[in-house]
Amino acid sequence: MYTHVAKFVRRITGLMALILLSTFFTGLAQKKEPIDYVDPFIGTSNSRWMLFPGPTMPNGMVKLSPDNQGSVWQGGYEYSVGSIHGFSHIHGWTMAGLLTMPTNGDLALKPGLPDDPFKGANAGYHSRYRPDGQQASPGYYAVDLIDSHIKAELTATERTGVQRYSLPKDSSNRIMIQLNIPAEYAYELKDARITRVSNTEIEGFAKSYSGWFNEYTLYFVMQFSKPFKDFHGYADQKELPEGKEISGSKDIGVYVTYPTSKEEQVLIRTGISFVNMDQARLNLKTELKEFDWDFDALVKHNRTVWNDVLKTIDVEGDSETDKIKFYTNYYRCFTGKMIMSDVNGKYTDASENIQQLPAQRKAMIGGDAYWNTFWNLNLLWTLTSPETVEQLVGTQLEMYEKTGWLSKGPTGIEYSGIMEGSHEMALMTSAYLKGIVKTDAETAYGAMKKNVAIEPQSVGGGHPGNPQITDYAKKGYVPVEKGAASKTLDYAFDDWCVAQMARLVNKNDDYNFFLKRSGNWKNAFEPKLRYVVPRKADGSFIKDFDLFSVKHFVEGNSWQYSFYVPHDIPGLIKYTDKDLFLTRLENGFEKSEQHKFAAHALDRTTGQSAEYYINHGNEVNMQAAYLFNYAGKPHLTQYYTRKILDTFYDASPYVGWNGDEDEGQMGAWFVMASLGLFEMNGGTSADQTLDLTSPLFRTARIKLNSQYYPGKEFIVEAHDNSPENIYIKSAKLNGRMLKENKISFKDVVKGGKLELYMTDKAN
């Protein structure tokens, strides 16, 4: 009897073990990687040209994605528009070009706007699609085109785009290739050519002028996995006589035909360059050598690359939605900037000369302005991707050495002059102080000092430096007759950054001079009102001042800019008066909470302006919630950062960021606030202070790059964290009790553990 019982127990025990093992391995199989939480469709119904659902590599030159709008603000892809007119290879700020579209049926030689017909004489070659008929993840996009019955799939390397079209049985199948396309910033096609090299390859170039400064020539080599039958050119929506080459300007394109007697797949791979045709071919050959025509292998490679980027931060919490928001925002921090150099380091400079990068500089990276990135992207990049920071600083130094100036907005490796101040200098200062960049400090300082000491002159049709810097230096402010009132505040912060670099390179006289001049922010404030008020050349302030008017301010108003002194918050509080400072700040947040901290218009009896307080959708006051840390009410920092995380950001295509995501700006704020960390002056002071706030997740692990930092991992653990327990009761760093709501960046990169004990009661 006991033998039978023993056998029974062993059998049950074995069965339980099998069940446990099965459950364990099922759990492993179902465990999501960080990349699985990324939803590239988030915010695409309320986004700019630079935010797109299609594939790109981190900071990739190629950003291959569907487009479905005309040449309008926030052009490109709109999630709620039910059609697509093609897949274009470039989605950089003020940069666009090279669209392809598979189609069939009646011949159309224009993309077609969303309201245009899909068949007939006035139709475009666009096609309808269903929202559930498309897929997207980092490095991959697919859509079923209803009108043509074609499935299009996209992937990419840094400088090539690869597409797979599944064509139906149809004698009219063709692929459209167009050079001048609808984009957010309309551009002029000044000269272009497309040449048939063979029945499996075409090549071409498009010389374009965009915005007010950016001239660039896009070269491309496009190869097809199967021979096409015919090659036809068109210009101004009229077919041209058959030939091997077409050229012109304004509006040109070609189409190649693929009549099929059964369903077939055709792959297209395209290498691009902004240098010349040979470079485009070299990029194509080099980056696709490993993959040849294996589309699925390249998609898998994209997944590996992106997951390696995203898993540098591992978060644990109960909300799947919060993880989707977190990793999607993290992803967006690496999709906006754009590599502009080729695989061998050649690039075209701002004067349209071909240059060769020295071996120590890995890539030239362009993009929109660095305006206020010191609050968001700079900390994220320096913490999780210092190699990116090294490339960005190298780009700035290369531009200074070759064309004489740093660039505040180096899209196309040009001088856009966009936005105020020269905030690339905050990134550079931070990179040197944090030890990420260790060479050329004297050169960097010379370049930075030039920005704040010399009135700039145009370079290559662009606009470097700080305009009206001589007026600022003479008067201590920029007169309203010469520029925006907010310019004085930006220039004061620039002075601060230059001062910190001067100290680093032992230029003590310069340090003292620029440190003192960084106090010029006070000259922008009207002494009685203690608000920033536009000031005339004669020293007087304008009359009939409206606190909420955007006139004389850059993308903000006086109320918002009166909190904008990132390098001297204690001085600002003292100048304003602490009680008045807090009253204003609390009032602004209370009135903005019902509007989810997004720009809104309140009725006013004067009707003169909208009453905007906290506008988290733009850069001017993205620091505002952290100001409570400096004014004695850190619990309000914790309350409002969590509120913004929960209500301003969402996980839908229709909202996402409630405005312009701005090449990672909104995304980086979400990521860093979720970790409970913020950098008020952008890491430009020797102490490298980080502000603390209420983390979103129970645990976050930040993997540190051992090539740059001594530590391996930094952990943020929030004990008893929950949607209710949003306040920090106490905190420990590596077991040591903290007395203030701050730590140092140095503490983080040494590795260790920050423990926050959370409660539902304000402390």
# chains A, B, ... in the order shown; residues from 1 in each chain; ligands from 1

$ closest_atom_pairs --of "range 556-605 of chain A" --to "range 615-620 of chain A" --cutoff "10 Å" --atoms "only C-alpha atoms" --output "CSV"
residue,atom,partner,partner_atom,distance
A:Gly556,CA,A:Val620,CA,6.4
A:Asn557,CA,A:Val620,CA,8.9
A:Gln560,CA,A:Val620,CA,6.7
A:Tyr561,CA,A:Val620,CA,6.8
A:Phe563,CA,A:Val620,CA,9.0
A:Tyr564,CA,A:Val620,CA,7.3
A:Phe589,CA,A:Asn615,CA,9.9
A:Ser592,CA,A:Asn615,CA,8.1
A:His595,CA,A:Asn615,CA,9.5
A:Lys596,CA,A:His616,CA,8.8
A:Phe597,CA,A:Asn615,CA,5.6
A:Ala598,CA,A:Asn615,CA,4.7
A:Ala599,CA,A:Asn615,CA,4.8
A:His600,CA,A:Asn615,CA,8.1

$ write_last_selection --atoms "C-alpha atoms" --output "PDB file, in the first residue's frame"
ATOM      1  CA  GLY A 556       5.310  81.978 -25.619  1.00  0.00           C
ATOM      2  CA  ASN A 557       4.140  84.938 -23.578  1.00  0.00           C
ATOM      3  CA  GLN A 560       5.665  81.866 -19.278  1.00  0.00           C
ATOM      4  CA  TYR A 561       8.973  83.624 -19.953  1.00  0.00           C
ATOM      5  CA  PHE A 563       9.882  81.775 -15.138  1.00  0.00           C
ATOM      6  CA  TYR A 564      12.585  81.219 -17.766  1.00  0.00           C
ATOM      7  CA  PHE A 589      -0.990  75.287 -12.717  1.00  0.00           C
ATOM      8  CA  SER A 592      -4.091  74.811 -16.570  1.00  0.00           C
ATOM      9  CA  HIS A 595      -6.949  71.832 -19.870  1.00  0.00           C
ATOM     10  CA  LYS A 596      -4.436  69.017 -19.357  1.00  0.00           C
ATOM     11  CA  PHE A 597      -1.592  71.546 -19.357  1.00  0.00           C
ATOM     12  CA  ALA A 598      -1.956  72.210 -23.088  1.00  0.00           C
ATOM     13  CA  ALA A 599      -2.352  75.610 -24.766  1.00  0.00           C
ATOM     14  CA  HIS A 600      -5.914  76.811 -24.486  1.00  0.00           C
TER      15      HIS A 600
END

$ residues_around --residues "Asp650 in chain A" --least-positions-apart "4" --cutoff "12 Å" --atoms "only C-alpha atoms" --output "list in words"
Asp39, Phe41, Ile42, Gly43, Thr321, Asp322, Lys323, Ile324, Lys325, Phe326, Thr328, Asn329, Lys596, Lys643, Ile644, Leu645, Asp646, Tyr654, Val655, Gly656, Trp657, Asn658, Gly659, Met666, Gly667 and Phe670 of chain A

$ residues_around --residues "Pro467 in chain A" --least-positions-apart "2" --cutoff "10 Å" --atoms "only C-alpha atoms" --output "MDAnalysis selection string"
chainID A and resid 417 420:421 451:452 454:457 463:465 469:472 478 482:483 487

$ atom_distance --atom1 "CA of Lys408 in chain A" --atom2 "CA of Thr348 in chain A"
17.8 Å

$ residues_around --residues "Ala206 in chain A" --least-positions-apart "2" --cutoff "6 Å" --atoms "only C-alpha atoms" --output "PyMOL selection string"
chain A and resi 192+217-218

$ closest_residue --among "A:Glu158, A:Glu153, A:Asp132, A:Asp544" --to "Glu287 in chain A" --atoms "only C-alpha atoms"
A:Glu158

$ select_by_dssp --residues "range 448-539 of chain A" --states "strand (DSSP E or B)" --output "list in words"
Val459, Gly462, Phe525, Glu526, Tyr531, Val532 and Arg535 of chain A
